[in-house]
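What follows is model36.pdb (PDB, C-alpha atoms, pLDDT in the B column).
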```pdb
ATOM      1  CA  MET A  18      -9.635 -15.841 -15.716  1.00 49.00           C
ATOM      2  CA  ARG A  19      -6.178 -17.367 -15.264  1.00 55.00           C
ATOM      3  CA  ILE A  20      -3.224 -15.168 -14.544  1.00 59.00           C
ATOM      4  CA  SER A  21       0.118 -16.443 -15.843  1.00 63.00           C
ATOM      5  CA  LEU A  22       3.034 -16.762 -13.440  1.00 55.00           C
ATOM      6  CA  ARG A  23       5.089 -14.471 -15.675  1.00 54.00           C
ATOM      7  CA  ALA A  24       2.447 -11.709 -15.493  1.00 56.00           C
ATOM      8  CA  VAL A  25       2.274 -12.109 -11.713  1.00 48.00           C
ATOM      9  CA  LEU A  26       6.057 -11.882 -11.384  1.00 44.00           C
ATOM     10  CA  ILE A  27       6.291  -8.807 -13.603  1.00 55.00           C
ATOM     11  CA  ALA A  28       3.533  -7.076 -11.621  1.00 52.00           C
ATOM     12  CA  LEU A  29       5.130  -8.014  -8.301  1.00 45.00           C
ATOM     13  CA  ILE A  30       8.579  -6.825  -9.366  1.00 51.00           C
ATOM     14  CA  GLY A  31       7.169  -3.421 -10.281  1.00 46.00           C
ATOM     15  CA  LEU A  32       5.181  -3.169  -7.066  1.00 42.00           C
ATOM     16  CA  VAL A  33       8.106  -4.240  -4.938  1.00 40.00           C
ATOM     17  CA  ALA A  34      10.349  -1.638  -6.515  1.00 41.00           C
ATOM     18  CA  ILE A  35       7.795   1.077  -5.731  1.00 38.00           C
ATOM     19  CA  GLY A  36       7.122  -0.299  -2.229  1.00 40.00           C
ATOM     20  CA  ALA A  37      10.820  -0.465  -1.394  1.00 37.00           C
ATOM     21  CA  LEU A  38      11.204   3.203  -2.246  1.00 32.00           C
ATOM     22  CA  VAL A  39       8.294   4.208  -0.032  1.00 32.00           C
ATOM     23  CA  THR A  40       8.705   1.996   3.009  1.00 33.00           C
ATOM     24  CA  SER A  41      11.396   0.700   5.268  1.00 31.00           C
ATOM     25  CA  GLY A  42      11.533  -2.120   7.788  1.00 33.00           C
ATOM     26  CA  ALA A  43      13.691  -4.823   9.225  1.00 32.00           C
ATOM     27  CA  LEU A  44      14.529  -7.997   7.353  1.00 33.00           C
ATOM     28  CA  SER A  45      13.334 -11.039   9.234  1.00 34.00           C
ATOM     29  CA  THR A  46      15.249 -14.254   8.683  1.00 34.00           C
ATOM     30  CA  VAL A  47      15.317 -17.754  10.069  1.00 33.00           C
ATOM     31  CA  PRO A  48      18.388 -19.842  10.739  1.00 36.00           C
ATOM     32  CA  GLU A  49      19.658 -22.128   7.980  1.00 36.00           C
ATOM     33  CA  GLY A  50      18.263 -25.601   8.361  1.00 38.00           C
ATOM     34  CA  SER A  51      15.581 -27.954   7.258  1.00 37.00           C
ATOM     35  CA  ILE A  52      12.123 -26.957   6.115  1.00 38.00           C
ATOM     36  CA  PRO A  53       9.716 -27.084   9.049  1.00 38.00           C
ATOM     37  CA  LYS A  54       7.153 -29.882   8.631  1.00 37.00           C
ATOM     38  CA  SER A  55       4.762 -27.965  10.829  1.00 35.00           C
ATOM     39  CA  VAL A  56       4.865 -24.368  11.929  1.00 40.00           C
ATOM     40  CA  THR A  57       3.180 -22.958  15.000  1.00 46.00           C
ATOM     41  CA  GLY A  58      -0.207 -21.559  14.119  1.00 57.00           C
ATOM     42  CA  THR A  59      -3.307 -23.475  13.146  1.00 67.00           C
ATOM     43  CA  GLU A  60      -6.147 -21.003  13.653  1.00 84.00           C
ATOM     44  CA  PHE A  61      -7.434 -17.854  12.029  1.00 89.00           C
ATOM     45  CA  CYS A  62      -8.440 -14.941  14.242  1.00 91.00           C
ATOM     46  CA  ALA A  63     -11.854 -15.429  15.859  1.00 86.00           C
ATOM     47  CA  ASN A  64     -13.337 -11.956  16.337  1.00 84.00           C
ATOM     48  CA  SER A  65     -10.480  -9.452  16.337  1.00 88.00           C
ATOM     49  CA  GLY A  66      -7.130  -9.139  14.631  1.00 93.00           C
ATOM     50  CA  ILE A  67      -5.775  -9.988  11.192  1.00 95.00           C
ATOM     51  CA  SER A  68      -5.282 -13.556   9.991  1.00 95.00           C
ATOM     52  CA  LEU A  69      -2.352 -14.830   7.960  1.00 96.00           C
ATOM     53  CA  LEU A  70      -2.370 -18.009   5.863  1.00 96.00           C
ATOM     54  CA  VAL A  71       0.754 -19.552   4.341  1.00 96.00           C
ATOM     55  CA  ASP A  72       0.244 -22.311   1.745  1.00 96.00           C
ATOM     56  CA  TYR A  73       3.609 -23.898   0.898  1.00 95.00           C
ATOM     57  CA  GLY A  74       2.431 -25.288  -2.429  1.00 91.00           C
ATOM     58  CA  THR A  75       1.300 -28.555  -3.901  1.00 84.00           C
ATOM     59  CA  LYS A  76       4.623 -30.407  -3.686  1.00 88.00           C
ATOM     60  CA  SER A  77       6.117 -29.217  -0.391  1.00 91.00           C
ATOM     61  CA  GLY A  78       4.503 -31.697   1.981  1.00 91.00           C
ATOM     62  CA  ILE A  79       4.176 -28.890   4.528  1.00 93.00           C
ATOM     63  CA  SER A  80       0.813 -28.218   6.165  1.00 92.00           C
ATOM     64  CA  VAL A  81      -0.845 -24.855   5.646  1.00 93.00           C
ATOM     65  CA  THR A  82      -0.018 -22.400   8.419  1.00 94.00           C
ATOM     66  CA  LYS A  83      -2.763 -20.211   9.869  1.00 94.00           C
ATOM     67  CA  ALA A  84      -1.893 -17.495  12.350  1.00 95.00           C
ATOM     68  CA  CYS A  85      -3.521 -14.517  14.038  1.00 94.00           C
ATOM     69  CA  ALA A  86      -2.102 -11.092  14.843  1.00 95.00           C
ATOM     70  CA  ASP A  87      -4.282  -9.447  17.469  1.00 91.00           C
ATOM     71  CA  ASN A  88      -4.229  -5.661  17.920  1.00 89.00           C
ATOM     72  CA  PHE A  89      -2.087  -5.274  14.813  1.00 92.00           C
ATOM     73  CA  SER A  90      -1.733  -2.219  12.662  1.00 93.00           C
ATOM     74  CA  GLY A  91       0.859  -2.083   9.941  1.00 96.00           C
ATOM     75  CA  ASN A  92       1.515  -3.390   6.471  1.00 96.00           C
ATOM     76  CA  GLY A  93       1.427  -6.900   5.031  1.00 96.00           C
ATOM     77  CA  TRP A  94       5.187  -7.345   5.466  1.00 97.00           C
ATOM     78  CA  GLU A  95       5.028  -6.456   9.173  1.00 97.00           C
ATOM     79  CA  LEU A  96       2.092  -8.859   9.602  1.00 97.00           C
ATOM     80  CA  PHE A  97       4.474 -11.832   9.321  1.00 97.00           C
ATOM     81  CA  SER A  98       6.336 -10.887  12.490  1.00 95.00           C
ATOM     82  CA  ALA A  99       3.155  -9.904  14.346  1.00 95.00           C
ATOM     83  CA  ALA A 100       1.694 -13.338  13.507  1.00 95.00           C
ATOM     84  CA  GLY A 101       4.845 -15.166  14.661  1.00 94.00           C
ATOM     85  CA  GLN A 102       6.061 -16.050  11.156  1.00 96.00           C
ATOM     86  CA  THR A 103       9.337 -15.239   9.415  1.00 96.00           C
ATOM     87  CA  VAL A 104       9.832 -13.680   6.005  1.00 97.00           C
ATOM     88  CA  GLU A 105      12.881 -12.977   3.890  1.00 96.00           C
ATOM     89  CA  GLY A 106      13.204 -10.764   0.842  1.00 95.00           C
ATOM     90  CA  THR A 107      15.851 -10.873  -1.844  1.00 95.00           C
ATOM     91  CA  THR A 108      19.226  -9.185  -1.814  1.00 94.00           C
ATOM     92  CA  GLU A 109      17.844  -6.852  -4.517  1.00 90.00           C
ATOM     93  CA  TYR A 110      14.614  -6.161  -2.605  1.00 91.00           C
ATOM     94  CA  PRO A 111      15.188  -6.994   1.076  1.00 93.00           C
ATOM     95  CA  ILE A 112      11.688  -5.916   2.081  1.00 90.00           C
ATOM     96  CA  GLY A 113       8.548  -6.104   0.034  1.00 78.00           C
ATOM     97  CA  PHE A 114       9.396  -8.954  -2.361  1.00 89.00           C
ATOM     98  CA  VAL A 115       8.701 -12.177  -0.486  1.00 95.00           C
ATOM     99  CA  CYS A 116      11.277 -14.818  -1.390  1.00 96.00           C
ATOM    100  CA  ARG A 117      11.156 -17.119   1.634  1.00 96.00           C
ATOM    101  CA  ILE A 118       8.554 -17.707   4.360  1.00 97.00           C
ATOM    102  CA  ASN A 119       9.370 -19.814   7.433  1.00 96.00           C
ATOM    103  CA  ASN A 120      12.560 -20.977   5.694  1.00 95.00           C
ATOM    104  CA  PHE A 121      10.683 -22.216   2.603  1.00 96.00           C
ATOM    105  CA  PRO A 122      11.954 -22.655  -0.004  1.00 95.00           C
ATOM    106  CA  THR A 123      15.313 -23.613   1.452  1.00 93.00           C
ATOM    107  CA  PRO A 124      18.383 -21.474   0.798  1.00 93.00           C
ATOM    108  CA  ALA A 125      19.836 -24.384  -1.195  1.00 91.00           C
ATOM    109  CA  SER A 126      16.920 -24.423  -3.631  1.00 89.00           C
ATOM    110  CA  GLN A 127      16.475 -20.646  -3.826  1.00 91.00           C
ATOM    111  CA  PRO A 128      19.305 -18.360  -2.673  1.00 93.00           C
ATOM    112  CA  CYS A 129      17.139 -15.184  -2.704  1.00 94.00           C
ATOM    113  CA  THR A 130      19.949 -13.086  -4.129  1.00 93.00           C
ATOM    114  CA  SER A 131      17.672 -11.863  -6.914  1.00 92.00           C
ATOM    115  CA  THR A 132      14.039 -12.168  -7.954  1.00 89.00           C
ATOM    116  CA  PRO A 133      13.222 -15.879  -8.282  1.00 87.00           C
ATOM    117  CA  THR A 134      12.856 -17.288 -11.775  1.00 81.00           C
ATOM    118  CA  SER A 135       9.894 -19.362 -12.959  1.00 77.00           C
ATOM    119  CA  SER A 136      12.112 -22.455 -12.682  1.00 83.00           C
ATOM    120  CA  GLN A 137      12.493 -21.780  -8.926  1.00 88.00           C
ATOM    121  CA  GLY A 138       8.865 -20.961  -8.114  1.00 92.00           C
ATOM    122  CA  SER A 139       7.633 -17.919  -6.212  1.00 93.00           C
ATOM    123  CA  TRP A 140       5.025 -16.656  -3.754  1.00 95.00           C
ATOM    124  CA  ALA A 141       1.646 -15.216  -4.818  1.00 95.00           C
ATOM    125  CA  TYR A 142      -0.145 -12.751  -2.501  1.00 96.00           C
ATOM    126  CA  TYR A 143      -3.902 -12.832  -1.865  1.00 96.00           C
ATOM    127  CA  TYR A 144      -6.211 -11.215   0.645  1.00 96.00           C
ATOM    128  CA  ALA A 145      -9.826 -11.402   1.759  1.00 95.00           C
ATOM    129  CA  THR A 146     -12.034  -8.861   3.526  1.00 93.00           C
ATOM    130  CA  SER A 147     -15.538  -9.059   4.932  1.00 86.00           C
ATOM    131  CA  GLU A 148     -16.655  -6.791   2.059  1.00 87.00           C
ATOM    132  CA  LEU A 149     -15.432  -9.443  -0.428  1.00 83.00           C
ATOM    133  CA  GLY A 150     -17.627 -12.044   1.246  1.00 78.00           C
ATOM    134  CA  ASP A 151     -14.895 -14.519   2.156  1.00 75.00           C
ATOM    135  CA  HIS A 152     -13.452 -14.693  -1.370  1.00 89.00           C
ATOM    136  CA  TRP A 153      -9.784 -14.374  -2.251  1.00 94.00           C
ATOM    137  CA  MET A 154      -8.539 -11.403  -4.240  1.00 95.00           C
ATOM    138  CA  PHE A 155      -5.102 -11.367  -5.885  1.00 94.00           C
ATOM    139  CA  SER A 156      -3.199  -8.452  -4.372  1.00 94.00           C
ATOM    140  CA  ALA A 157      -2.347  -5.719  -6.858  1.00 89.00           C
ATOM    141  CA  THR A 158       0.174  -4.294  -4.384  1.00 90.00           C
ATOM    142  CA  GLY A 159       3.188  -5.729  -2.634  1.00 91.00           C
ATOM    143  CA  ALA A 160       3.299  -6.619   1.043  1.00 94.00           C
ATOM    144  CA  THR A 161       4.795  -3.297   2.099  1.00 95.00           C
ATOM    145  CA  SER A 162       2.067  -1.352   0.289  1.00 95.00           C
ATOM    146  CA  ARG A 163      -0.997  -3.271   1.492  1.00 95.00           C
ATOM    147  CA  ILE A 164      -2.447  -2.229   4.848  1.00 96.00           C
ATOM    148  CA  PRO A 165      -4.710  -5.025   6.131  1.00 96.00           C
ATOM    149  CA  GLU A 166      -7.538  -4.078   8.470  1.00 94.00           C
ATOM    150  CA  CYS A 167      -9.013  -5.841  11.471  1.00 94.00           C
ATOM    151  CA  GLY A 168     -11.003  -8.850  10.251  1.00 93.00           C
ATOM    152  CA  ASP A 169      -8.991  -9.313   7.018  1.00 94.00           C
ATOM    153  CA  THR A 170      -7.031 -12.404   6.025  1.00 95.00           C
ATOM    154  CA  ASP A 171      -3.770 -12.192   4.059  1.00 96.00           C
ATOM    155  CA  ALA A 172      -2.564 -15.323   2.259  1.00 97.00           C
ATOM    156  CA  TRP A 173       0.624 -16.405   0.531  1.00 97.00           C
ATOM    157  CA  VAL A 174       0.712 -19.370  -1.847  1.00 96.00           C
ATOM    158  CA  PHE A 175       3.913 -20.853  -3.191  1.00 96.00           C
ATOM    159  CA  ILE A 176       3.532 -21.419  -6.926  1.00 94.00           C
ATOM    160  CA  GLU A 177       5.660 -24.371  -7.997  1.00 92.00           C
ATOM    161  CA  PRO A 178       7.782 -24.127 -11.159  1.00 90.00           C
ATOM    162  CA  GLY A 179       5.573 -24.601 -14.218  1.00 85.00           C
ATOM    163  CA  GLU A 180       2.303 -24.076 -12.296  1.00 88.00           C
ATOM    164  CA  GLN A 181      -0.190 -21.331 -13.008  1.00 83.00           C
ATOM    165  CA  SER A 182      -0.954 -18.938 -10.168  1.00 80.00           C
ATOM    166  CA  HIS A 183      -3.869 -20.185  -8.082  1.00 86.00           C
ATOM    167  CA  GLU A 184      -5.794 -19.106  -5.017  1.00 89.00           C
ATOM    168  CA  PRO A 185      -5.199 -20.783  -1.676  1.00 91.00           C
ATOM    169  CA  ALA A 186      -7.103 -24.074  -1.340  1.00 85.00           C
ATOM    170  CA  GLU A 187      -8.248 -22.991   2.132  1.00 87.00           C
ATOM    171  CA  GLN A 188     -11.252 -20.680   2.311  1.00 86.00           C
ATOM    172  CA  PRO A 189     -10.615 -17.360   4.058  1.00 86.00           C
ATOM    173  CA  LYS A 190     -12.319 -16.442   7.308  1.00 84.00           C
ATOM    174  CA  THR A 191     -13.114 -12.764   7.616  1.00 89.00           C
ATOM    175  CA  PHE A 192     -15.356 -10.762   9.915  1.00 90.00           C
ATOM    176  CA  LYS A 193     -16.301  -7.205  10.773  1.00 89.00           C
ATOM    177  CA  CYS A 194     -14.473  -6.000  13.854  1.00 86.00           C
ATOM    178  CA  ASP A 195     -16.356  -4.527  16.785  1.00 69.00           C
ATOM    179  CA  ARG A 196     -13.915  -1.645  17.101  1.00 57.00           C
TER     180      ARG A 196
END
```
Could I get this structure in the form of structure tokens?
Amino acid sequence: MRISLRAVLIALIGLVAIGALVTSGALSTVPEGSIPKSVTGTEFCANSGISLLVDYGTKSGISVTKACADNFSGNGWELFSAAGQTVEGTTEYPIGFVCRINNFPTPASQPCTSTPTSSQGSWAYYYATSELGDHWMFSATGATSRIPECGDTDAWVFIEPGEQSHEPAEQPKTFKCDR
């Protein structure tokens, strides 16, 4: 079953609005500048922690980022900082609606003042758990509403303008924690 980008955006907007009312947190930003060609982080967690995958899309030329947040407890938005990554919301929704990750897309291509349009592209949120058997699931909640657990992997995929939403190309790595 294919999910249209418009349906994903409508669902995310609603979830972000709800999440913003319920949660609070600091906005994490990166300095203006060029898109990083590689970002620190190339490994998923091995046997503890929560993994984070960032797939910058089919046209970015940026390698997939994999990072691990050990001893983390919090929501999907807070996972970015714990995994050494940066995230920026929109002016409308400063937390919860992911507009920019690790300075991608650039401020010049997407100002993040309001919810991105389909002509700008946007981020899709997926997760995997050991119960899912290393399969991606499209997140029905926004980053501030999802609470990942030890052994889970959260993933963000940039959907280029005109593309249909799609799972990350990289397979998730999940495990049951010993805790």
Quick check on the file I pasted: which residues fall under the PyMOL selection byres ((chain A and resi 87) around 10)? Write them as a list in words. Cys62, Ala63, Asn64, Ser65, Gly66, Ile67, Ser68, Ala84, Cys85, Ala86, Asn88, Phe89, Ser90, Ala99, Ala100, Cys167 and Gly168 of chain A
Could you work out how far CA of Lys193 (chain A) lies from CA of Val174 (chain A), giving the answer in Å with one decimal? 24.4 Å
So that I can check the surroundings of region 176-191 of chain A, please list as a list in words every protein, DNA and RNA residue that reaches within 6 Å of it, counting all atoms listed in the file and ignoring chain neighbours fewer than 2 positions away.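 My list of contacting residues is Ser21, Leu22, Ser135, Ser136, Gln137, Gly138, Ser139, Trp140, Thr146, Ser147, Asp151, Gly168 and Asp169 of chain A.
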Output for the residues just chosen: C-alpha atoms as a compact mmCIF listing (two decimals), in the coordinates of the input:
```
# COMPACT_ATOMS: atom_id res chain seq x y z
CA SER A 21 0.12 -16.44 -15.84
CA LEU A 22 3.03 -16.76 -13.44
CA SER A 135 9.89 -19.36 -12.96
CA SER A 136 12.11 -22.46 -12.68
CA GLN A 137 12.49 -21.78 -8.93
CA GLY A 138 8.86 -20.96 -8.11
CA SER A 139 7.63 -17.92 -6.21
CA TRP A 140 5.03 -16.66 -3.75
CA THR A 146 -12.03 -8.86 3.53
CA SER A 147 -15.54 -9.06 4.93
CA ASP A 151 -14.90 -14.52 2.16
CA GLY A 168 -11.00 -8.85 10.25
CA ASP A 169 -8.99 -9.31 7.02
```
Take CA of Trp94 (chain A) and CA of Ile112 (chain A) and report the distance between them in Å, one decimal.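 We find that CA of Trp94 (chain A) and CA of Ile112 (chain A) lie 7.5 Å from each other.
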Put a box with edges along x, y and z around all the listed atoms of region 180-187 of chain A, pad it by 4 Å on each side, then give me its centre and sizes in Å, one decimal, as lines of an AutoDock Vina configuration file.
```
center_x = -3.0
center_y = -21.5
center_z = -5.4
size_x = 18.6
size_y = 13.1
size_z = 23.1
```
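Our summary of the geometry notes that CA of Ala160 (chain A) is positioned 10.7 Å from CA of Gly106 (chain A).
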Given the file shown, enumerate the residues that the PyMOL selection byres ((chain A and resi 69) around 6) captures and present them as a list in words.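 Selection result, ordered by chain and number: Ser68, Leu70, Lys83, Ala84, Thr170, Asp171 and Ala172 of chain A.
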Which residue out of A:Gly113, A:His152, A:Thr123, A:Tyr144 has the minimum interatomic distance to Trp173 (chain A) when all atoms listed in the file are used?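 Counting all atoms listed in the file, the residue closest to Trp173 (chain A) is A:Tyr144.
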Quick one: of A:Gly78, A:Pro165, A:Gly150, A:Pro122, who's nearest to Val104 (chain A), counting all atoms listed in the file?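 Residue with the minimum atom-to-atom distance to Val104 (chain A): A:Pro122.
Considering the residues A:Asn119, A:Gly159, A:Gly93, A:Ala145 and counting only C-alpha atoms, Glu105 (chain A) has its shortest atom-to-atom contact with A:Asn119.
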